[in-house]
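**Q** Let me begin by handing over the structure; questions about it come next.
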Amino acid sequence: MKPATSAIQRSTGKSGEWVARWLPWGLFVALLAWGWRTTDLFHTVPAYGDALEGLWAISWYDDALRLGQNPWVFPLAFHPQGWSVITYAWGPANFALLLPLGWLGGPAFAYNVATLITYVIAFAGTLQLARDFVSRLAATVVALLFTFWGLRWYNNIGQLNVALASALLPWMLWSLERGFASPRRAAGWFVLAGVLWAVSINSTLYFVWLGGIALLVWIVGRLGFKRANWRTLWSRVVLVPVVAGVLSLPLLIAFQQITASAGTHPFTFFDVNVLGASLNSFAIPSLVHPWLGGLARLLYHGSPDSENNLTNLGLLAVVMALVGIWSGRRSQRWRPVLIMACVGFILALGLTLKWNDVPVKISLFRPLNELIWQIGYRVNPEFYFVEPPVPSGFADVVPLPTLILATLVPFFAQARVLARYALLFGLAMFLLTGFGLDQVKRQWIRLVLAVLLVVGLVPPPTQSYAFPPPSHPAYEWLSQQSIGANGIVEFTTNPEQRLELSLGGPAIWATKYHRQATVGGASSIIPGQVAYLMRWLAEHPRPFKDPDFVPLLRYYRVKYLLVTMSGGGQEQNLADAKLNQELRFVQCFQPTSQAALYDNPICVLEVLPAPTPSFNLLVREGWSGPEEWGRWIDGTEAKASWIATDKAPHYLHVQAFPYCVSGQQQHLSIDVKGTPVAEHQWTDCEPWSARIPIPAGLVEIGSNDLAIRTGYAVRPIDSSGAETGDPRNLSVGFTELRVAED
């Protein structure tokens, strides 16, 4: 077999060698020029949404460093606690690249150029790795396929962290190859592999697992199971995890500490299961292919806008990879590639088998799923989020091996988008595609197949959006309001017409316009108090009609409430809000721009001061109605709750007096989460005042329950001792019952 590029070299000499060397890069530039349509690098970006999060982050780090502020805390997001930006998905490695570019040309320039650089890194690394396995023609095809694959092209929307880390993946494996091929210089190459892994981790924490598993299977595949080989592991290859661990440990420790203090909840079985790839999503053309996308959507019915559905390798690429698998099945040289393909495929499928993005259900698996759920709940109750029996939606699913890792391995399930393991599968499969291409003996057929393979994964052209995006009159109005330590909250409606919190790029970028602290923000790591509000909204379809809603917002110190009117259920929500006596309708602001962002009316309402600020608990059971002076306990036990936005010490401010009965002495006890925090015994009828500490150990972010128990309760009597006809049983009255952090 003689590669096509060899024929070019023989026929043209030095000029042929020059053409053969630079032809791959010419094809790369041509394909990138076809797909990248964001031509004004300074004033346009390929997307809003997630991209705005990154653009905001570039701007924020720049401003913070210039002004001497703490860049790790942004006070205007996730109000009232603020946002620890270390939890943002873009790690420090991204900003080491972005900030110098931002200083040169601004956030848009930095974002666009950094994104383009990741394509150069990915192509060069894959080309280098592939040249160790296949001919130059096949290596060029492999590099083009991996670089412009839909799962990577999707990163243009704002996932620069994944774009950079995945671009370094072939370089990591190439470094390992150099280490195994050059024993005298092995230590240096393995150190380089560790550095590259650390950079990937510091770009996105997903690569703690993605990079680690890739390196592990490659090492196992290359060393095999011979003792002599594993001596090399302990003497030299061990440098890879040691170097990566030392360089990544500061980020990992900071991330763990901050997520724990923010009260973030681990992802559950439900959260992780929905983001595995479907079995039938691999061997089809790209769902976003400019010409073959329609055919792909006939074969597969998952959403083209969802990352876990963009694992499409292309039918021809899979066929050629199968040829490569057959040819290399017994080859030690191809063993690490074959293992990585197998492991990446299994992991990318996620926890349960899916077809067309819908779990496959077979009743025969019900007993096994019941057993898995019973054992899993005992081992990892946060992941298996409800007690057995297994929830009905998961009773008949087909469990996959990755479920074992998610259950038993700490933090594995926090790599929520398991479909991203297709990056391992895809790189291995494309290498095998190149090997399969090399098995074709006729040169002209190889050339035709090479062209068809590349055409089969041509990316769709990017869009071009103005940067910075236009503001909105509602934000301009808010920027002129002085609300002190209070903040705002923005709402939209989801497809089910339920009110939901505005999160993501548009919400975080809007802070640059209105300059007010907002309950919303960005990041896939949601603080506990924000997650609680999101769950509360999901459980209350018409929140403005619920008497707890506005008091709940006061715990978040919300002054203004915004509702984006984008069609759907907003009109009903706005009508409910206008009828709520604890809100004041301000105005609906019309957009001044028809750009693809902030292009809908935004209605603003003011949260009015509490009618009884001395009584801020949410009453549950055992209370009489409110009176001008306060409330009575009706009976001998009353329950209430309050919302904590931080796991910190709180104080219960109490002013109470007993309903006096001659010859009896009233007493009360107060419990928080079943733990006594205060008791009082009256010897007379004088009011009792107290500031009762509630230690942080008794405080949960979100709802906290409180119970008050008294010694007796009686029906009211008049001065003559006769009953007044009041049906209540009164025990203790409260003129103040208020929880606060001070």
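FYI, nothing fancy with the structure tokens labels: chains A, B, ... in order, residues from 1 per chain, ligands from 1 as they appear.
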Taking 3 positions as the minimum chain separation for residues in the same chain, which residues sit within 8 Å of A:Val563 when counting only C-alpha atoms? Answer as a VMD selection string.

**A** chain A and resid 490 to 492 570 574 602 to 604

**Q** Which residues, written as a short mmCIF file (atom, residue, chain, number, x, y, z; two decimals) with C-alpha atoms, in the first residue's frame, have at least one atom at most 9 Å from A:Tyr712, with only C-alpha atoms counted and residues fewer than 5 positions away on the same chain left out?

**A**
data_model
loop_
_atom_site.label_atom_id
_atom_site.label_comp_id
_atom_site.auth_asym_id
_atom_site.auth_seq_id
_atom_site.Cartn_x
_atom_site.Cartn_y
_atom_site.Cartn_z
CA GLY A 635 -53.44 25.55 71.65
CA THR A 636 -50.35 24.21 73.37
CA GLN A 664 -51.28 28.59 87.06
CA GLN A 665 -47.80 29.42 85.82
CA GLN A 666 -47.26 29.32 82.06
CA HIS A 667 -44.08 28.05 80.49
CA ASN A 729 -57.56 28.16 73.14
CA LEU A 730 -54.98 30.83 73.97
CA SER A 731 -51.65 30.17 75.63
#

**Q** My list of candidates is A:Val141, A:Gly54, A:Tyr154, A:Trp36. Which is closest to A:Leu447 when distances are computed with only C-alpha atoms?

**A**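 The answer is A:Val141, which sits nearest to A:Leu447.
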
**Q** Give me the residues within 6 Å of stretch 359-361 of chain A as a PDB file with all heavy atoms, in the first residue's frame, counting only C-alpha atoms and dropping any in the same chain fewer than 2 places off.

**A**
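Output file around.pdb is given in full below:
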ATOM      1  N   LEU A 353     -29.595   2.513  29.456  1.00  0.00           N
ATOM      2  CA  LEU A 353     -29.637   2.477  27.994  1.00  0.00           C
ATOM      3  C   LEU A 353     -30.748   3.386  27.476  1.00  0.00           C
ATOM      4  O   LEU A 353     -31.876   3.359  27.975  1.00  0.00           O
ATOM      5  CB  LEU A 353     -29.873   1.041  27.524  1.00  0.00           C
ATOM      6  CG  LEU A 353     -29.747   0.792  26.017  1.00  0.00           C
ATOM      7  CD1 LEU A 353     -28.309   1.017  25.564  1.00  0.00           C
ATOM      8  CD2 LEU A 353     -30.194  -0.636  25.682  1.00  0.00           C
ATOM      9  N   LYS A 354     -30.402   4.182  26.443  1.00  0.00           N
ATOM     10  CA  LYS A 354     -31.388   5.070  25.826  1.00  0.00           C
ATOM     11  C   LYS A 354     -31.390   4.874  24.313  1.00  0.00           C
ATOM     12  O   LYS A 354     -30.371   4.541  23.708  1.00  0.00           O
ATOM     13  CB  LYS A 354     -31.082   6.536  26.160  1.00  0.00           C
ATOM     14  CG  LYS A 354     -31.228   6.884  27.626  1.00  0.00           C
ATOM     15  CD  LYS A 354     -31.303   8.396  27.847  1.00  0.00           C
ATOM     16  CE  LYS A 354     -30.034   9.079  27.432  1.00  0.00           C
ATOM     17  NZ  LYS A 354     -30.088  10.546  27.676  1.00  0.00           N
ATOM     18  N   ASP A 396     -38.170  -0.015  35.077  1.00  0.00           N
ATOM     19  CA  ASP A 396     -37.931  -0.979  34.006  1.00  0.00           C
ATOM     20  C   ASP A 396     -36.760  -0.610  33.100  1.00  0.00           C
ATOM     21  O   ASP A 396     -36.604  -1.189  32.022  1.00  0.00           O
ATOM     22  CB  ASP A 396     -39.197  -1.123  33.148  1.00  0.00           C
ATOM     23  CG  ASP A 396     -40.390  -1.605  33.955  1.00  0.00           C
ATOM     24  OD1 ASP A 396     -40.174  -2.373  34.896  1.00  0.00           O
ATOM     25  OD2 ASP A 396     -41.527  -1.190  33.645  1.00  0.00           O
ATOM     26  N   VAL A 397     -35.950   0.358  33.490  1.00  0.00           N
ATOM     27  CA  VAL A 397     -34.851   0.783  32.625  1.00  0.00           C
ATOM     28  C   VAL A 397     -33.782  -0.304  32.559  1.00  0.00           C
ATOM     29  O   VAL A 397     -33.745  -1.217  33.391  1.00  0.00           O
ATOM     30  CB  VAL A 397     -34.229   2.106  33.129  1.00  0.00           C
ATOM     31  CG1 VAL A 397     -35.255   3.233  33.078  1.00  0.00           C
ATOM     32  CG2 VAL A 397     -33.679   1.949  34.544  1.00  0.00           C
TER      33      VAL A 397
END

**Q** Write out as a list in words the residues lying within 7 Å of A:Arg37, counting only C-alpha atoms and excluding same-chain residues fewer than 4 positions away.

**A**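 Here the qualifying residues turn out to be Pro461, Thr462, Gln463 and Ser464 of chain A.
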
**Q** Would you pick out the contacts of A:Ser331 at 12 Å or less, using only C-alpha atoms, so that residues sharing its chain but fewer than 6 positions from it are not included, and give the list as a PyMOL selection string?

**A** chain A and resi 133+221-222+324-325+337-339

**Q** Could you write those residues out with C-alpha atoms, as a short mmCIF file (atom, residue, chain, number, x, y, z; two decimals), in the first residue's frame?

**A**
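For reference, selection11.cif as written:
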data_model
loop_
_atom_site.label_atom_id
_atom_site.label_comp_id
_atom_site.auth_asym_id
_atom_site.auth_seq_id
_atom_site.Cartn_x
_atom_site.Cartn_y
_atom_site.Cartn_z
CA PHE A 133 -0.48 4.97 13.85
CA GLY A 221 -3.13 -0.87 26.96
CA ARG A 222 0.51 -0.02 26.34
CA GLY A 324 -9.86 -0.76 11.50
CA ILE A 325 -11.06 -2.69 14.56
CA VAL A 337 -6.85 2.58 21.10
CA LEU A 338 -9.22 -0.37 21.17
CA ILE A 339 -9.49 -0.25 24.97
#

**Q** Can you measure atom CA of A:Trp171 to atom CA of A:Val19 for me? One decimal in Å is fine.

**A**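 According to the coordinates, atom CA of A:Trp171 and atom CA of A:Val19 are separated by 24.3 Å.
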
**Q** Given only C-alpha atoms as the basis, pick out the residue of A:Ala422, A:Ala64, A:Leu597, A:Leu605 nearest to A:Trp509.

**A**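 Looking at the shortest contact to A:Trp509, the residue is A:Leu597.
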
**Q** Using only C-alpha atoms, which protein or nucleic acid residues come within 9 Å of A:Trp209? Drop anything in the same chain fewer than 6 positions from it, and give the result as a short mmCIF file (atom, residue, chain, number, x, y, z; two decimals) with all heavy atoms, in the first residue's frame.

**A**
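Here's the written file out31.cif:
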data_model
loop_
_atom_site.label_atom_id
_atom_site.label_comp_id
_atom_site.auth_asym_id
_atom_site.auth_seq_id
_atom_site.Cartn_x
_atom_site.Cartn_y
_atom_site.Cartn_z
N ILE A 201 -7.38 19.82 33.64
CA ILE A 201 -8.17 19.88 34.88
C ILE A 201 -8.42 21.32 35.27
O ILE A 201 -9.53 21.69 35.69
CB ILE A 201 -7.45 19.12 36.00
CG1 ILE A 201 -7.42 17.61 35.70
CG2 ILE A 201 -8.13 19.36 37.35
CD1 ILE A 201 -6.53 16.82 36.64
N PHE A 412 -17.65 10.89 41.20
CA PHE A 412 -17.76 10.52 39.79
C PHE A 412 -19.05 11.07 39.18
O PHE A 412 -19.04 11.57 38.05
CB PHE A 412 -17.71 9.00 39.63
CG PHE A 412 -17.79 8.53 38.20
CD1 PHE A 412 -16.65 8.47 37.43
CD2 PHE A 412 -19.01 8.19 37.62
CE1 PHE A 412 -16.71 8.07 36.09
CE2 PHE A 412 -19.08 7.79 36.30
CZ PHE A 412 -17.93 7.72 35.54
N ALA A 415 -19.45 14.60 37.49
CA ALA A 415 -19.20 14.81 36.06
C ALA A 415 -20.50 14.49 35.33
O ALA A 415 -20.66 13.48 34.66
CB ALA A 415 -18.06 13.93 35.57
#

**Q** Name the residues in contact with A:Leu127 at a cut-off of 12 Å, using only C-alpha atoms, excluding same-chain residues fewer than 4 positions from it; report them as an mmCIF file with N, CA and C atoms, in the first residue's frame.

**A**
data_model
loop_
_atom_site.group_PDB
_atom_site.id
_atom_site.type_symbol
_atom_site.label_atom_id
_atom_site.label_comp_id
_atom_site.auth_asym_id
_atom_site.auth_seq_id
_atom_site.Cartn_x
_atom_site.Cartn_y
_atom_site.Cartn_z
ATOM 1 N N ARG A 21 3.444 18.289 3.297
ATOM 2 C CA ARG A 21 3.571 18.736 4.681
ATOM 3 C C ARG A 21 2.501 19.751 5.047
ATOM 4 N N TRP A 22 2.204 20.651 4.097
ATOM 5 C CA TRP A 22 1.298 21.756 4.418
ATOM 6 C C TRP A 22 -0.129 21.552 3.930
ATOM 7 N N PRO A 24 -2.310 19.233 4.852
ATOM 8 C CA PRO A 24 -3.244 19.068 5.975
ATOM 9 C C PRO A 24 -3.660 20.401 6.593
ATOM 10 N N TRP A 25 -2.681 21.310 6.736
ATOM 11 C CA TRP A 25 -3.014 22.604 7.330
ATOM 12 C C TRP A 25 -3.846 23.463 6.388
ATOM 13 N N PHE A 28 -7.258 22.193 6.885
ATOM 14 C CA PHE A 28 -7.745 22.678 8.183
ATOM 15 C C PHE A 28 -8.225 24.120 8.083
ATOM 16 N N TYR A 119 -8.873 25.119 18.240
ATOM 17 C CA TYR A 119 -8.949 24.289 17.039
ATOM 18 C C TYR A 119 -7.556 23.998 16.486
ATOM 19 N N VAL A 120 -6.678 24.992 16.545
ATOM 20 C CA VAL A 120 -5.297 24.774 16.110
ATOM 21 C C VAL A 120 -4.632 23.717 16.989
ATOM 22 N N ILE A 121 -4.812 23.842 18.306
ATOM 23 C CA ILE A 121 -4.212 22.878 19.242
ATOM 24 C C ILE A 121 -4.758 21.477 18.989
ATOM 25 N N ALA A 122 -6.072 21.372 18.817
ATOM 26 C CA ALA A 122 -6.690 20.059 18.605
ATOM 27 C C ALA A 122 -6.198 19.424 17.312
ATOM 28 N N PHE A 123 -6.150 20.204 16.241
ATOM 29 C CA PHE A 123 -5.738 19.646 14.951
ATOM 30 C C PHE A 123 -4.279 19.214 14.994
ATOM 31 N N ARG A 131 -0.190 10.302 13.327
ATOM 32 C CA ARG A 131 0.964 9.938 12.501
ATOM 33 C C ARG A 131 1.760 8.790 13.109
ATOM 34 N N ASP A 132 1.563 8.528 14.419
ATOM 35 C CA ASP A 132 2.208 7.371 15.045
ATOM 36 C C ASP A 132 1.511 6.067 14.687
ATOM 37 N N PHE A 133 0.323 6.167 14.085
ATOM 38 C CA PHE A 133 -0.479 4.969 13.848
ATOM 39 C C PHE A 133 -0.813 4.743 12.378
ATOM 40 N N VAL A 134 -0.991 5.817 11.621
ATOM 41 C CA VAL A 134 -1.507 5.664 10.256
ATOM 42 C C VAL A 134 -0.697 6.538 9.300
ATOM 43 N N SER A 135 -1.012 6.425 8.028
ATOM 44 C CA SER A 135 -0.324 7.197 6.997
ATOM 45 C C SER A 135 -0.667 8.681 7.110
ATOM 46 N N ARG A 136 0.065 9.499 6.366
ATOM 47 C CA ARG A 136 -0.148 10.943 6.438
ATOM 48 C C ARG A 136 -1.543 11.318 5.951
ATOM 49 N N LEU A 137 -2.011 10.693 4.877
ATOM 50 C CA LEU A 137 -3.360 10.975 4.392
ATOM 51 C C LEU A 137 -4.394 10.610 5.441
ATOM 52 N N ALA A 138 -4.281 9.406 5.990
ATOM 53 C CA ALA A 138 -5.241 8.973 7.004
ATOM 54 C C ALA A 138 -5.147 9.848 8.249
ATOM 55 N N ALA A 139 -3.919 10.243 8.624
ATOM 56 C CA ALA A 139 -3.756 11.099 9.796
ATOM 57 C C ALA A 139 -4.430 12.447 9.589
ATOM 58 N N THR A 140 -4.340 12.969 8.380
ATOM 59 C CA THR A 140 -5.013 14.238 8.075
ATOM 60 C C THR A 140 -6.517 14.101 8.242
ATOM 61 N N VAL A 141 -7.062 12.999 7.736
ATOM 62 C CA VAL A 141 -8.499 12.762 7.872
ATOM 63 C C VAL A 141 -8.879 12.632 9.340
ATOM 64 N N VAL A 142 -8.102 11.868 10.096
ATOM 65 C CA VAL A 142 -8.383 11.685 11.527
ATOM 66 C C VAL A 142 -8.381 13.027 12.245
ATOM 67 N N ALA A 143 -7.382 13.853 11.971
ATOM 68 C CA ALA A 143 -7.274 15.154 12.639
ATOM 69 C C ALA A 143 -8.437 16.063 12.287
ATOM 70 N N LEU A 144 -8.846 16.062 11.025
ATOM 71 C CA LEU A 144 -9.981 16.889 10.621
ATOM 72 C C LEU A 144 -11.273 16.396 11.268
ATOM 73 N N LEU A 145 -11.446 15.082 11.329
ATOM 74 C CA LEU A 145 -12.672 14.531 11.906
ATOM 75 C C LEU A 145 -12.789 14.886 13.385
ATOM 76 N N PHE A 146 -11.727 14.684 14.144
ATOM 77 C CA PHE A 146 -11.803 14.972 15.578
ATOM 78 C C PHE A 146 -11.933 16.472 15.838
ATOM 79 N N THR A 147 -11.204 17.277 15.107
ATOM 80 C CA THR A 147 -11.203 18.724 15.345
ATOM 81 C C THR A 147 -12.561 19.344 15.097
ATOM 82 N N ALA A 167 -8.941 19.612 23.344
ATOM 83 C CA ALA A 167 -7.866 19.837 22.375
ATOM 84 C C ALA A 167 -6.540 19.311 22.888
ATOM 85 N N PRO A 170 -5.425 14.691 22.726
ATOM 86 C CA PRO A 170 -4.474 13.960 21.871
ATOM 87 C C PRO A 170 -3.018 14.277 22.196
ATOM 88 N N TRP A 171 -2.724 15.491 22.672
ATOM 89 C CA TRP A 171 -1.357 15.822 23.072
ATOM 90 C C TRP A 171 -0.926 15.006 24.291
ATOM 91 N N LEU A 173 -1.958 11.981 25.075
ATOM 92 C CA LEU A 173 -1.697 10.612 24.633
ATOM 93 C C LEU A 173 -0.433 10.539 23.784
ATOM 94 N N TRP A 174 -0.190 11.567 22.992
ATOM 95 C CA TRP A 174 1.042 11.610 22.193
ATOM 96 C C TRP A 174 2.268 11.663 23.096
ATOM 97 N N LEU A 427 -12.241 10.009 19.685
ATOM 98 C CA LEU A 427 -10.837 10.078 19.282
ATOM 99 C C LEU A 427 -10.323 8.698 18.901
ATOM 100 N N PHE A 430 -11.981 7.564 15.567
ATOM 101 C CA PHE A 430 -11.443 8.250 14.388
ATOM 102 C C PHE A 430 -10.046 7.737 14.040
ATOM 103 N N LEU A 431 -9.240 7.390 15.064
ATOM 104 C CA LEU A 431 -7.954 6.754 14.779
ATOM 105 C C LEU A 431 -8.169 5.425 14.056
ATOM 106 N N GLY A 434 -9.057 6.028 10.487
ATOM 107 C CA GLY A 434 -7.862 6.222 9.672
ATOM 108 C C GLY A 434 -7.169 4.911 9.356
#

**Q** Assign secondary structure with DSSP using the backbone only, and return the residues of stretch 411-631 of chain A in strand (DSSP E) as a ChimeraX atom specification.

**A** /A:465-466,487-493,499-501,558-564,583-589,602-607,618-621,631

**Q** Would you save the residues of that selection, restricted to C-alpha atoms, as a PDB file, in the first residue's frame?

**A**
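And here is the file that came out, out-v3.pdb:
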ATOM      1  CA  TYR A 465     -24.145  38.240  17.291  1.00  0.00           C
ATOM      2  CA  ALA A 466     -23.388  41.821  18.216  1.00  0.00           C
ATOM      3  CA  GLY A 487     -31.388  42.926  45.497  1.00  0.00           C
ATOM      4  CA  ILE A 488     -33.596  41.857  42.610  1.00  0.00           C
ATOM      5  CA  VAL A 489     -34.883  38.605  41.204  1.00  0.00           C
ATOM      6  CA  GLU A 490     -35.617  37.870  37.530  1.00  0.00           C
ATOM      7  CA  PHE A 491     -38.144  35.316  36.347  1.00  0.00           C
ATOM      8  CA  THR A 492     -39.025  33.732  33.028  1.00  0.00           C
ATOM      9  CA  THR A 493     -41.453  30.908  32.269  1.00  0.00           C
ATOM     10  CA  LEU A 499     -42.385  30.574  36.697  1.00  0.00           C
ATOM     11  CA  GLU A 500     -38.661  29.859  36.909  1.00  0.00           C
ATOM     12  CA  LEU A 501     -35.577  31.725  37.991  1.00  0.00           C
ATOM     13  CA  VAL A 558     -35.502  41.107  47.281  1.00  0.00           C
ATOM     14  CA  LYS A 559     -36.653  44.657  46.549  1.00  0.00           C
ATOM     15  CA  TYR A 560     -37.650  44.376  42.896  1.00  0.00           C
ATOM     16  CA  LEU A 561     -39.102  41.451  40.995  1.00  0.00           C
ATOM     17  CA  LEU A 562     -38.776  41.216  37.190  1.00  0.00           C
ATOM     18  CA  VAL A 563     -40.855  39.058  34.864  1.00  0.00           C
ATOM     19  CA  THR A 564     -39.700  38.654  31.242  1.00  0.00           C
ATOM     20  CA  LEU A 583     -46.415  43.694  45.685  1.00  0.00           C
ATOM     21  CA  ARG A 584     -46.638  47.013  43.870  1.00  0.00           C
ATOM     22  CA  PHE A 585     -46.701  46.995  40.085  1.00  0.00           C
ATOM     23  CA  VAL A 586     -44.163  49.499  38.747  1.00  0.00           C
ATOM     24  CA  GLN A 587     -44.155  49.298  34.945  1.00  0.00           C
ATOM     25  CA  CYS A 588     -43.706  47.056  31.933  1.00  0.00           C
ATOM     26  CA  PHE A 589     -40.698  48.240  29.916  1.00  0.00           C
ATOM     27  CA  ILE A 602     -39.815  43.156  31.134  1.00  0.00           C
ATOM     28  CA  CYS A 603     -42.323  43.966  33.864  1.00  0.00           C
ATOM     29  CA  VAL A 604     -41.099  45.243  37.212  1.00  0.00           C
ATOM     30  CA  LEU A 605     -42.853  44.893  40.564  1.00  0.00           C
ATOM     31  CA  GLU A 606     -41.738  46.150  43.948  1.00  0.00           C
ATOM     32  CA  VAL A 607     -41.735  43.903  46.999  1.00  0.00           C
ATOM     33  CA  LEU A 618     -43.920  31.430  58.042  1.00  0.00           C
ATOM     34  CA  VAL A 619     -46.747  30.123  60.199  1.00  0.00           C
ATOM     35  CA  ARG A 620     -47.773  26.504  59.828  1.00  0.00           C
ATOM     36  CA  GLU A 621     -49.943  24.992  62.586  1.00  0.00           C
ATOM     37  CA  ARG A 631     -50.264  36.622  67.175  1.00  0.00           C
TER      38      ARG A 631
END

**Q** Looking at A:Ala244, A:Val530, A:Leu98, A:Ile219, which one is nearest to A:Ile701, with distances taken over only C-alpha atoms?

**A** A:Val530

**Q** Considering only C-alpha atoms, state which residue in the set A:Pro107, A:Pro591, A:Gly224, A:Gly49 is at the smallest distance from A:Arg335.

**A**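 Of A:Pro107, A:Pro591, A:Gly224, A:Gly49, the one nearest A:Arg335 is A:Gly224, counting only C-alpha atoms.
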